[in-house]
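These notes are about the structure you will find just below.
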Amino acid sequence: MSTPAKDYSLAELMIVAAAEAFRNDGEVLATGIGLIPRLAASLAMKTFNPDLMMTDSEAFMLSEPNPVSGRRSHEGQRQECWMGFSRIFDTVWSGKRHAMVGPTQIDKYGQANISALGENYHRPKVQMLGVRGFPGNSICHANSFFVPSHSKRVFVQGECDMVASIGYNPARLPKGYRLDDIDIRRVITDLCLMDWQGPKRMLQLLSLHPGISVERVLENTGFEVHIPEYVPVTRAPSEEQLALIRQLDPENWRAKQLRDNPPGDRS
Amino acid sequence: MSKVRSAQQAIAAIKDGMTIGIGGWGPRRKPMALVRELLRSECKDLTVVAYGGADVGMLCAAGKVKKVVFAFVSLDFIPLEPYFRRARQNGDIEAMEIDEGMLLLGLRAAAWKIPFIPTRVGLGTDVINLNDDIKVIDSPYDDKAWVAMPALPVDVALLHVDRADARGVCQIKGPDLYMDDWFARAAKTAVVSCDELVETGCFAAGDEARFVFWERSQTDTVVPIAGGAHPTSCTPLYGLDVAHFKEYSALAKEEGFARYLEKYITGKTEAEYQQAVGGLEAIRKLPLPVY
């Protein structure tokens, strides 16, 4: 019972596509870092996976996701348990979590970097955030990647300058581990959807956003991508999904997330 | 027994080369008045352990830091701490960069007086390759590799809380205590500044004692400084000072930290600092952040 929308932005297309990453997760903590991933997790929880858990990005677990914009206080939010930062790690280490994060670099193994850029770690060209929770997240639970600007600067040719999260790299696999112990799910970019289920854990194309060609994806990726015989077009949001997104983001902050706020269909 | 001291007396416990743990998280409930006092001191070659924000940035910019133990240094709404960034890019400081959870385990190991805690966290990443002090070990119970996260003992912990009594009972009413309890437990000496110094009887009322997260034996020094977390937040008492952080951050690109020191820190008392940022009443009116 859904009506495909005719008019939607690329941000909205990406929110809906990213929400799909959480569809079959069951009862896990869904953490979306950044506005579009957070809206994606919220949309999933409001529609096809009500069992998901989410926090208020501060210290409480919620039974209903908070809107991402238009809130002036925490008054009235639907809290269900305390979830301070130290307790988050108990959930992380239990494995009952799926994080959607936005790495600065991703390599062909699915290793990711948000720490520092440049060849000399001790005097980096660009100091970024630091590894944050990437090492623990990547070895303990499912992770998806959100990439707002698909380019060779993100999908790098060699290994990441600083490997902050473990991927499908046989050379770095710890003793007693199999590649199947690592759980990297979807990659949602402004051009396409991908996952790591290609031959030998290669990154593979799942769908192209409307108006985007395979060539454009390949030109903007620094390593080989597996292209299946049939590549569908990413499904348009439904009117019902757009209505929910508007409720979750009443001040339309999603319009400011992607440069020039492009339309969903670029053909 | 009264543990009440001035900030100057408390900071005098910090000597060159010590390891300092700083509580709070990014721009939230940082013991900034104590950090300002440390900036005014002659101390140098410090190792700083923190979930870092402007505390780490300021100490790096002032040349007080030899090494930072961190998972991130960020002002949240300004994602990259400009002075920390510069110190790293100049190669001015040593880095022990670890996962947020590894930092917690290191503090716990120190608190429990054990040499390490085994964990999966860090396996397969450069956190292991870049930190020679973090070993990967075999387990006596299975055939897997484990990271032996070493204890991170701290000489002096600096913390800020809402309320404390003179005996060192400390209360945090904000939604999160962050890792402050573990910093207090991992430290030889814990120095706690508080927004309000209260009578012991206060904790007997209602459920007030539920907001006390470590025992007074873990608190060595109490420093009453109303507004002492400014410019970071101390929910529910006051929010973070966005305008002040913007100025602090902009100065990194323009005149540099020397100008910030001159305007707000050097030769100024905490009361004069508070006057320079609009006064205690203005601090108390800063709106609480909504995430």
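Labels for the structure tokens follow display order: chains A, B, ..., residues from 1 in each chain, ligands from 1.
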
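Residues of segment 39-101 of chain B that DSSP, applied to the backbone, places in alpha helix (DSSP H): Leu39, Arg40, Ala54, Asp55, Val56, Gly57, Met58, Leu59, Cys60, Ala61, Pro82, Tyr83, Phe84, Arg85, Arg86, Ala87, Arg88, Gln89, Glu100 and Gly101 of chain B.
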
Preceding selection exported with C-alpha atoms as a PDB file, in the first residue's frame:
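This is the output file part-v7.pdb:
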```pdb
ATOM      1  CA  LEU B  39      47.368  27.113  32.066  1.00  0.00           C
ATOM      2  CA  ARG B  40      48.520  29.818  34.523  1.00  0.00           C
ATOM      3  CA  ALA B  54      38.904  22.485  24.461  1.00  0.00           C
ATOM      4  CA  ASP B  55      40.640  21.243  27.631  1.00  0.00           C
ATOM      5  CA  VAL B  56      43.067  19.265  25.465  1.00  0.00           C
ATOM      6  CA  GLY B  57      43.213  21.969  22.779  1.00  0.00           C
ATOM      7  CA  MET B  58      44.126  24.725  25.269  1.00  0.00           C
ATOM      8  CA  LEU B  59      46.787  22.682  27.059  1.00  0.00           C
ATOM      9  CA  CYS B  60      48.351  21.712  23.707  1.00  0.00           C
ATOM     10  CA  ALA B  61      48.263  25.304  22.455  1.00  0.00           C
ATOM     11  CA  PRO B  82      41.555  23.612  16.018  1.00  0.00           C
ATOM     12  CA  TYR B  83      44.474  23.800  18.491  1.00  0.00           C
ATOM     13  CA  PHE B  84      44.758  20.035  18.967  1.00  0.00           C
ATOM     14  CA  ARG B  85      44.662  19.708  15.202  1.00  0.00           C
ATOM     15  CA  ARG B  86      47.512  22.172  14.792  1.00  0.00           C
ATOM     16  CA  ALA B  87      49.608  20.491  17.494  1.00  0.00           C
ATOM     17  CA  ARG B  88      49.199  17.105  15.792  1.00  0.00           C
ATOM     18  CA  GLN B  89      49.889  18.456  12.313  1.00  0.00           C
ATOM     19  CA  GLU B 100      36.695   5.208  23.227  1.00  0.00           C
ATOM     20  CA  GLY B 101      35.943   1.880  24.889  1.00  0.00           C
TER      21      GLY B 101
END
```

Kindly provide, as a ChimeraX atom specification, the residues of chain B having any atom no farther than 8 Å from an atom of chain A, counting only C-alpha atoms.
/B:70-74,79-80,85-86,88-91,94-95,97-101,104,120-127,143-145,175-179,288-291

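If you look at atom CA of Lys30 of chain B and atom CA of Cys81 of chain A, they are 25.0 Å away from each other.
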
Contacts of Phe213 of chain B within 9 Å, only C-alpha atoms, excl. fewer than 4 positions in-chain, as JSON, numbers by chain:
{"B": [170, 171, 172, 177, 180, 181, 209]}

Write to file, as a compact mmCIF listing (two decimals), in the first residue's frame, the residues of the selection just made, with N, CA and C atoms.
```txt
# COMPACT_ATOMS: atom_id res chain seq x y z
N CYS B 170 30.39 13.85 46.01
CA CYS B 170 30.20 14.61 44.77
C CYS B 170 28.93 14.17 44.06
N GLN B 171 28.14 15.14 43.61
CA GLN B 171 26.88 14.82 42.97
C GLN B 171 26.82 15.37 41.55
N ILE B 172 26.34 14.52 40.63
CA ILE B 172 26.16 14.92 39.22
C ILE B 172 24.70 14.70 38.88
N LEU B 177 27.07 10.90 33.61
CA LEU B 177 28.28 11.16 34.41
C LEU B 177 29.54 10.97 33.57
N ASP B 180 33.55 9.96 34.48
CA ASP B 180 34.14 10.66 35.62
C ASP B 180 34.43 9.74 36.80
N ASP B 181 33.53 8.77 37.04
CA ASP B 181 33.75 7.85 38.16
C ASP B 181 35.04 7.06 37.95
N ALA B 209 21.00 11.02 47.05
CA ALA B 209 22.19 10.17 47.13
C ALA B 209 22.35 9.27 45.91
```

Write out as a ChimeraX atom specification all residues of segment 26-265 of chain B that DSSP puts in strand (DSSP E or B) for this structure's backbone.
/B:28,46-50,52,65-70,73,94-97,116-119,135-138,145-150,154-164,170-171,187-197,221-224,233-234,238

At a cut-off of 6 Å, using only C-alpha atoms, what residues contact segment 19-24 of chain A? Leave out same-chain residues fewer than 2 positions from it and give the result as a tab-separated table (two decimals) with C-alpha atoms, in the first residue's frame.
```tsv
chain	number	residue	atom	x	y	z
A	16	VAL	CA	14.83	5.71	2.36
A	17	ALA	CA	17.58	3.58	0.84
A	26	GLY	CA	15.45	-7.18	14.81
A	40	ALA	CA	17.15	6.56	8.09
A	41	ALA	CA	17.25	4.65	11.38
A	44	ALA	CA	13.07	2.17	9.81
A	49	ASN	CA	11.27	-2.51	12.09
```

What gap, in Å, lies between atom CA of Trp112 of chain B and atom CA of Ala10 of chain B?
25.0 Å

Of the listed residues B:Gly267, B:Gly239, B:Gly17, B:Gly24, that which approaches Lys44 of chain B most closely, counting only C-alpha atoms:
B:Gly17

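In this structure, atom CA of Glu240 of chain A sits 11.4 Å away from atom CA of Lys46 of chain A.
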
If we count only C-alpha atoms and set the cut-off at 10 Å, which residues sit around Ser139 of chain B, ignoring sequence neighbours fewer than 6 positions away in its own chain? Please answer as a PyMOL selection string.
chain B and resi 118+145-148

File of the preceding selection, N, CA and C atoms, as a compact mmCIF listing (two decimals), in the first residue's frame:
```
# COMPACT_ATOMS: atom_id res chain seq x y z
N PRO B 118 41.54 -7.89 28.89
CA PRO B 118 41.47 -8.41 27.52
C PRO B 118 40.21 -7.91 26.81
N ALA B 145 43.19 -14.39 19.19
CA ALA B 145 44.01 -13.25 19.61
C ALA B 145 43.17 -12.30 20.46
N TRP B 146 43.78 -11.72 21.48
CA TRP B 146 43.09 -10.73 22.33
C TRP B 146 43.99 -9.52 22.52
N VAL B 147 43.39 -8.34 22.52
CA VAL B 147 44.13 -7.13 22.86
C VAL B 147 44.21 -7.03 24.38
N ALA B 148 45.44 -6.88 24.90
CA ALA B 148 45.61 -6.68 26.35
C ALA B 148 45.65 -5.17 26.59
```

Closest to Leu237 of chain B among B:Val69, B:Pro31, B:Val191, B:Ile283, using only C-alpha atoms?
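When distances to Leu237 of chain B are compared using only C-alpha atoms, the smallest one comes from B:Ile283.
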
Within 12 Å of His226 of chain A using only C-alpha atoms, minus same-chain residues under 3 positions, as a list in words:
Lys108, Met194, Asp195, Trp196, Gln197, Gly198, Pro199, Lys200, Arg201, Met202, Leu203, Gln204, Leu205, Leu206, Ser207, Val214, Val217, Leu218, Thr221, Phe223, Glu229, Tyr230 and Val231 of chain A

Nearby residues (only C-alpha atoms) at most 7 Å from segment 250-259 of chain A, same-chain spacing under 6 positions excluded, as a tab-separated table (two decimals) with N, CA and C atoms, in the first residue's frame:
```
chain	number	residue	atom	x	y	z
A	11	ALA	N	18.52	13.62	-1.04
A	11	ALA	CA	18.65	13.33	0.40
A	11	ALA	C	17.53	12.38	0.83
A	35	LEU	N	22.88	13.46	10.13
A	35	LEU	CA	21.43	13.69	10.00
A	35	LEU	C	20.74	12.65	9.12
A	36	ILE	N	21.31	12.35	7.94
A	36	ILE	CA	20.64	11.41	7.03
A	36	ILE	C	20.63	10.00	7.61
A	69	SER	N	14.91	17.77	13.96
A	69	SER	CA	14.91	19.24	13.94
A	69	SER	C	13.64	19.74	14.62
A	70	GLY	N	13.65	21.03	14.97
A	70	GLY	CA	12.46	21.64	15.54
A	70	GLY	C	12.26	21.38	17.02
A	148	PRO	N	28.24	10.91	1.60
A	148	PRO	CA	27.47	11.96	0.93
A	148	PRO	C	28.05	12.42	-0.40
```
